[in-house]
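Engineer: After the structure tokens below, expect a handful of questions from me.
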Amino acid sequence: MFSKRIISAIFLIALITAAVTTGWVFSIAVMFFIVLGLYEFFTMVEKKGIKIYKYVGIGMGSIIPLSILLRFELTKKWELSFISLLLLFLLLMQFRRRQNSGVIVDISTTLFGILYVSWLLSFLIKIRFMPNGAGLLASVLLMTKLGDVGAYLIGSRFGKSPLMPRISPKKTVEGAIGGLIFSLLGALASRLFLGFSYLHLVIMGIALSALGQLGDLSESLIKRDCGVKDSGKIFPGMGGVLDELDSLLFTAPVFYFYISIILK
């Protein structure tokens, strides 16, 4: 299992390194992962007996990153308009149902999946197309993923105190502290890309560490509710796309808005 994790991690690092250097390549890679993530999410939900329009949800969810990639915006706040239209579309599709039961759950789950996977991960593309996008992207990836590495290494070696056993039995307080330390190291290393003061970087490191671990726990909560161990099997020894990108679901949007305010 450990060797599989190493191989998968090396592959991810190589892919991210190659993608970060080229905006279009990275954006297409994120789109690919979003589609896979949506498939994983809707497949997990189906195991709970919820009747959703899986491929409609995947198709609609793909529009968000594609529109960002193509710089297509009907209005400055087009995402809210798109979500409203999506809700209307999902409501209209319910008229085809033979039974009325489960309508609210099905619509809410489909919409949640699109927002949770597609909208949140799309902020990675937005970050890449900001001024100094490559450096900003490298920073958020460094702080977030180093936190994942630290939590795994410290937790597996020294972890004894359960963090939230009801949600994720293997996660420990020691692992969370390890993730925080590694995220802080990633934040300090990001000074090469950001040029912020050390105090500023420490604050960002702490915030992104907390958000990354919250994203990890949130996905664990969803998997536990759906009765699955991993969201998928695309990465041997590591799970699916959501298992690998869950920590970025919250760090990417917060980092984007934070940098937008700082650079404004």
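Ordered as shown in the structure tokens, chains take letters A, B, and onward, while each chain numbers its residues from 1 and ligands are numbered from 1 in the order shown.
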Write out as number ranges by chain all residues of region 135-178 of chain A that backbone DSSP assigns to strand (DSSP E).
Structural biologist: A: 162-164, 168-172
Engineer: Using only C-alpha atoms, which residue out of A:Ile262, A:Ile83, A:Leu217, A:Ile234 lies closest to Gly37 (chain A)?
Structural biologist: A:Ile234
Engineer: Just the alpha helix (DSSP H) stuff from region 37-162 of chain A, please, per backbone DSSP, written as number ranges by chain.
Structural biologist: A: 37-46, 54-69, 78-93, 103-113, 120-121, 123-128, 133-158
Engineer: Skipping near chain neighbours, those fewer than 2 positions away, what residues fall within 7 Å of region 219-232 of chain A using only C-alpha atoms, listed as number ranges by chain?
Structural biologist: A: 40, 44-45, 47-48, 167-168, 215-217, 234, 239-243, 246
Engineer: Next, write the just-selected residues to a file, as a PDB file, in the first residue's frame, keeping N, CA, C and O atoms as the atom set.
Structural biologist:
```
ATOM      1  N   GLU A  40     -17.598  10.408  -9.629  1.00  0.00           N
ATOM      2  CA  GLU A  40     -17.410   9.715  -8.358  1.00  0.00           C
ATOM      3  C   GLU A  40     -18.481  10.114  -7.347  1.00  0.00           C
ATOM      4  O   GLU A  40     -19.046   9.260  -6.657  1.00  0.00           O
ATOM      5  N   MET A  44     -21.370   7.623  -5.809  1.00  0.00           N
ATOM      6  CA  MET A  44     -21.511   7.371  -4.374  1.00  0.00           C
ATOM      7  C   MET A  44     -22.946   7.628  -3.920  1.00  0.00           C
ATOM      8  O   MET A  44     -23.511   6.848  -3.143  1.00  0.00           O
ATOM      9  N   VAL A  45     -23.521   8.706  -4.404  1.00  0.00           N
ATOM     10  CA  VAL A  45     -24.877   9.079  -3.990  1.00  0.00           C
ATOM     11  C   VAL A  45     -25.893   8.037  -4.443  1.00  0.00           C
ATOM     12  O   VAL A  45     -26.862   7.732  -3.720  1.00  0.00           O
ATOM     13  N   LYS A  47     -25.588   4.970  -4.505  1.00  0.00           N
ATOM     14  CA  LYS A  47     -25.574   3.828  -3.600  1.00  0.00           C
ATOM     15  C   LYS A  47     -26.494   4.041  -2.399  1.00  0.00           C
ATOM     16  O   LYS A  47     -26.793   3.097  -1.672  1.00  0.00           O
ATOM     17  N   LYS A  48     -26.920   5.284  -2.181  1.00  0.00           N
ATOM     18  CA  LYS A  48     -27.878   5.574  -1.113  1.00  0.00           C
ATOM     19  C   LYS A  48     -29.318   5.452  -1.606  1.00  0.00           C
ATOM     20  O   LYS A  48     -30.254   5.667  -0.840  1.00  0.00           O
ATOM     21  N   ILE A 167     -16.334  10.302  12.215  1.00  0.00           N
ATOM     22  CA  ILE A 167     -16.251  10.665  10.804  1.00  0.00           C
ATOM     23  C   ILE A 167     -15.105   9.940  10.107  1.00  0.00           C
ATOM     24  O   ILE A 167     -15.270   9.393   9.012  1.00  0.00           O
ATOM     25  N   SER A 168     -13.931   9.947  10.738  1.00  0.00           N
ATOM     26  CA  SER A 168     -12.752   9.322  10.133  1.00  0.00           C
ATOM     27  C   SER A 168     -11.899   8.722  11.249  1.00  0.00           C
ATOM     28  O   SER A 168     -11.103   9.435  11.861  1.00  0.00           O
ATOM     29  N   GLY A 215     -11.766  20.229   4.600  1.00  0.00           N
ATOM     30  CA  GLY A 215     -12.193  19.644   3.335  1.00  0.00           C
ATOM     31  C   GLY A 215     -12.040  18.136   3.339  1.00  0.00           C
ATOM     32  O   GLY A 215     -12.901  17.402   2.834  1.00  0.00           O
ATOM     33  N   ASP A 216     -10.949  17.655   3.927  1.00  0.00           N
ATOM     34  CA  ASP A 216     -10.705  16.219   4.029  1.00  0.00           C
ATOM     35  C   ASP A 216     -11.764  15.553   4.893  1.00  0.00           C
ATOM     36  O   ASP A 216     -12.326  14.503   4.541  1.00  0.00           O
ATOM     37  N   LEU A 217     -12.067  16.147   6.034  1.00  0.00           N
ATOM     38  CA  LEU A 217     -13.076  15.593   6.937  1.00  0.00           C
ATOM     39  C   LEU A 217     -14.470  15.630   6.309  1.00  0.00           C
ATOM     40  O   LEU A 217     -15.276  14.719   6.511  1.00  0.00           O
ATOM     41  N   ILE A 234      -8.944   5.544  -9.167  1.00  0.00           N
ATOM     42  CA  ILE A 234      -8.085   5.990 -10.253  1.00  0.00           C
ATOM     43  C   ILE A 234      -6.622   6.067  -9.830  1.00  0.00           C
ATOM     44  O   ILE A 234      -5.716   5.852 -10.637  1.00  0.00           O
ATOM     45  N   GLY A 239      -6.891   6.131  -3.726  1.00  0.00           N
ATOM     46  CA  GLY A 239      -8.322   6.327  -3.907  1.00  0.00           C
ATOM     47  C   GLY A 239      -8.665   7.044  -5.198  1.00  0.00           C
ATOM     48  O   GLY A 239      -7.988   6.915  -6.217  1.00  0.00           O
ATOM     49  N   GLY A 240      -9.733   7.841  -5.126  1.00  0.00           N
ATOM     50  CA  GLY A 240     -10.213   8.527  -6.303  1.00  0.00           C
ATOM     51  C   GLY A 240      -9.794   9.982  -6.373  1.00  0.00           C
ATOM     52  O   GLY A 240      -8.996  10.464  -5.559  1.00  0.00           O
ATOM     53  N   VAL A 241     -10.360  10.693  -7.331  1.00  0.00           N
ATOM     54  CA  VAL A 241     -10.048  12.106  -7.527  1.00  0.00           C
ATOM     55  C   VAL A 241     -10.436  12.923  -6.302  1.00  0.00           C
ATOM     56  O   VAL A 241      -9.667  13.764  -5.827  1.00  0.00           O
ATOM     57  N   LEU A 242     -11.626  12.684  -5.776  1.00  0.00           N
ATOM     58  CA  LEU A 242     -12.080  13.438  -4.605  1.00  0.00           C
ATOM     59  C   LEU A 242     -11.229  13.141  -3.377  1.00  0.00           C
ATOM     60  O   LEU A 242     -11.032  14.017  -2.530  1.00  0.00           O
ATOM     61  N   ASP A 243     -10.722  11.917  -3.281  1.00  0.00           N
ATOM     62  CA  ASP A 243      -9.854  11.574  -2.152  1.00  0.00           C
ATOM     63  C   ASP A 243      -8.564  12.387  -2.189  1.00  0.00           C
ATOM     64  O   ASP A 243      -7.998  12.710  -1.140  1.00  0.00           O
ATOM     65  N   ASP A 246      -9.791  16.641  -2.163  1.00  0.00           N
ATOM     66  CA  ASP A 246     -10.768  17.130  -1.182  1.00  0.00           C
ATOM     67  C   ASP A 246     -10.241  18.303  -0.365  1.00  0.00           C
ATOM     68  O   ASP A 246     -10.988  19.223  -0.018  1.00  0.00           O
TER      69      ASP A 246
END
```
Engineer: Residues near region 181-184 of chain A, anyone? I mean within 8 Å using only C-alpha atoms, not counting same-chain ones fewer than 4 positions away, as a list in words.
Structural biologist: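 Answer for this query is Leu142, Met143, Thr144, Lys145, Leu146, Gly147, Val149, Gly150, Ile177, Leu188, Leu201, Val202, Gly205, Ile206, Leu208 and Ser209 of chain A.
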Engineer: Residues of the last selection are to be written out with N, CA, C and O atoms, as a PDB file, in the first residue's frame.
Structural biologist:
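Contents of part.pdb, as written:
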```pdb
ATOM      1  N   LEU A 142       1.166  24.059  -2.743  1.00  0.00           N
ATOM      2  CA  LEU A 142       2.242  23.732  -1.812  1.00  0.00           C
ATOM      3  C   LEU A 142       1.733  23.700  -0.373  1.00  0.00           C
ATOM      4  O   LEU A 142       1.974  22.739   0.363  1.00  0.00           O
ATOM      5  N   MET A 143       1.018  24.737   0.021  1.00  0.00           N
ATOM      6  CA  MET A 143       0.513  24.800   1.394  1.00  0.00           C
ATOM      7  C   MET A 143      -0.520  23.714   1.679  1.00  0.00           C
ATOM      8  O   MET A 143      -0.527  23.103   2.748  1.00  0.00           O
ATOM      9  N   THR A 144      -1.392  23.471   0.704  1.00  0.00           N
ATOM     10  CA  THR A 144      -2.472  22.504   0.919  1.00  0.00           C
ATOM     11  C   THR A 144      -1.963  21.069   0.898  1.00  0.00           C
ATOM     12  O   THR A 144      -2.233  20.278   1.809  1.00  0.00           O
ATOM     13  N   LYS A 145      -1.232  20.709  -0.145  1.00  0.00           N
ATOM     14  CA  LYS A 145      -0.811  19.321  -0.303  1.00  0.00           C
ATOM     15  C   LYS A 145       0.303  18.933   0.664  1.00  0.00           C
ATOM     16  O   LYS A 145       0.385  17.779   1.084  1.00  0.00           O
ATOM     17  N   LEU A 146       1.170  19.881   1.027  1.00  0.00           N
ATOM     18  CA  LEU A 146       2.161  19.570   2.056  1.00  0.00           C
ATOM     19  C   LEU A 146       1.466  19.271   3.380  1.00  0.00           C
ATOM     20  O   LEU A 146       1.923  18.436   4.165  1.00  0.00           O
ATOM     21  N   GLY A 147       0.361  19.967   3.621  1.00  0.00           N
ATOM     22  CA  GLY A 147      -0.436  19.677   4.819  1.00  0.00           C
ATOM     23  C   GLY A 147      -0.969  18.254   4.794  1.00  0.00           C
ATOM     24  O   GLY A 147      -0.960  17.563   5.817  1.00  0.00           O
ATOM     25  N   VAL A 149       0.423  15.717   3.213  1.00  0.00           N
ATOM     26  CA  VAL A 149       1.574  14.835   3.413  1.00  0.00           C
ATOM     27  C   VAL A 149       1.962  14.775   4.895  1.00  0.00           C
ATOM     28  O   VAL A 149       2.203  13.701   5.452  1.00  0.00           O
ATOM     29  N   GLY A 150       2.007  15.945   5.536  1.00  0.00           N
ATOM     30  CA  GLY A 150       2.375  16.002   6.944  1.00  0.00           C
ATOM     31  C   GLY A 150       1.395  15.259   7.829  1.00  0.00           C
ATOM     32  O   GLY A 150       1.784  14.541   8.761  1.00  0.00           O
ATOM     33  N   ILE A 177      -1.803  18.117  13.762  1.00  0.00           N
ATOM     34  CA  ILE A 177      -0.692  19.006  14.118  1.00  0.00           C
ATOM     35  C   ILE A 177       0.421  18.894  13.087  1.00  0.00           C
ATOM     36  O   ILE A 177       1.024  19.901  12.682  1.00  0.00           O
ATOM     37  N   LEU A 188       5.935  29.248   4.204  1.00  0.00           N
ATOM     38  CA  LEU A 188       7.211  29.961   4.236  1.00  0.00           C
ATOM     39  C   LEU A 188       7.963  29.790   2.915  1.00  0.00           C
ATOM     40  O   LEU A 188       8.589  30.731   2.422  1.00  0.00           O
ATOM     41  N   LEU A 201       2.475  35.178   5.820  1.00  0.00           N
ATOM     42  CA  LEU A 201       2.559  33.804   5.342  1.00  0.00           C
ATOM     43  C   LEU A 201       2.158  32.811   6.427  1.00  0.00           C
ATOM     44  O   LEU A 201       1.500  31.800   6.136  1.00  0.00           O
ATOM     45  N   VAL A 202       2.542  33.093   7.673  1.00  0.00           N
ATOM     46  CA  VAL A 202       2.172  32.204   8.776  1.00  0.00           C
ATOM     47  C   VAL A 202       0.654  32.169   8.950  1.00  0.00           C
ATOM     48  O   VAL A 202       0.064  31.097   9.144  1.00  0.00           O
ATOM     49  N   GLY A 205      -0.722  30.104   6.180  1.00  0.00           N
ATOM     50  CA  GLY A 205      -0.427  28.695   6.388  1.00  0.00           C
ATOM     51  C   GLY A 205      -1.372  28.054   7.386  1.00  0.00           C
ATOM     52  O   GLY A 205      -1.881  26.945   7.171  1.00  0.00           O
ATOM     53  N   ILE A 206      -1.649  28.762   8.480  1.00  0.00           N
ATOM     54  CA  ILE A 206      -2.568  28.243   9.499  1.00  0.00           C
ATOM     55  C   ILE A 206      -3.988  28.129   8.938  1.00  0.00           C
ATOM     56  O   ILE A 206      -4.671  27.118   9.127  1.00  0.00           O
ATOM     57  N   LEU A 208      -5.034  27.940   5.730  1.00  0.00           N
ATOM     58  CA  LEU A 208      -5.180  26.927   4.688  1.00  0.00           C
ATOM     59  C   LEU A 208      -5.033  25.521   5.241  1.00  0.00           C
ATOM     60  O   LEU A 208      -5.657  24.577   4.743  1.00  0.00           O
ATOM     61  N   SER A 209      -4.227  25.359   6.283  1.00  0.00           N
ATOM     62  CA  SER A 209      -4.117  24.049   6.927  1.00  0.00           C
ATOM     63  C   SER A 209      -5.459  23.645   7.523  1.00  0.00           C
ATOM     64  O   SER A 209      -5.916  22.504   7.340  1.00  0.00           O
TER      65      SER A 209
END
```
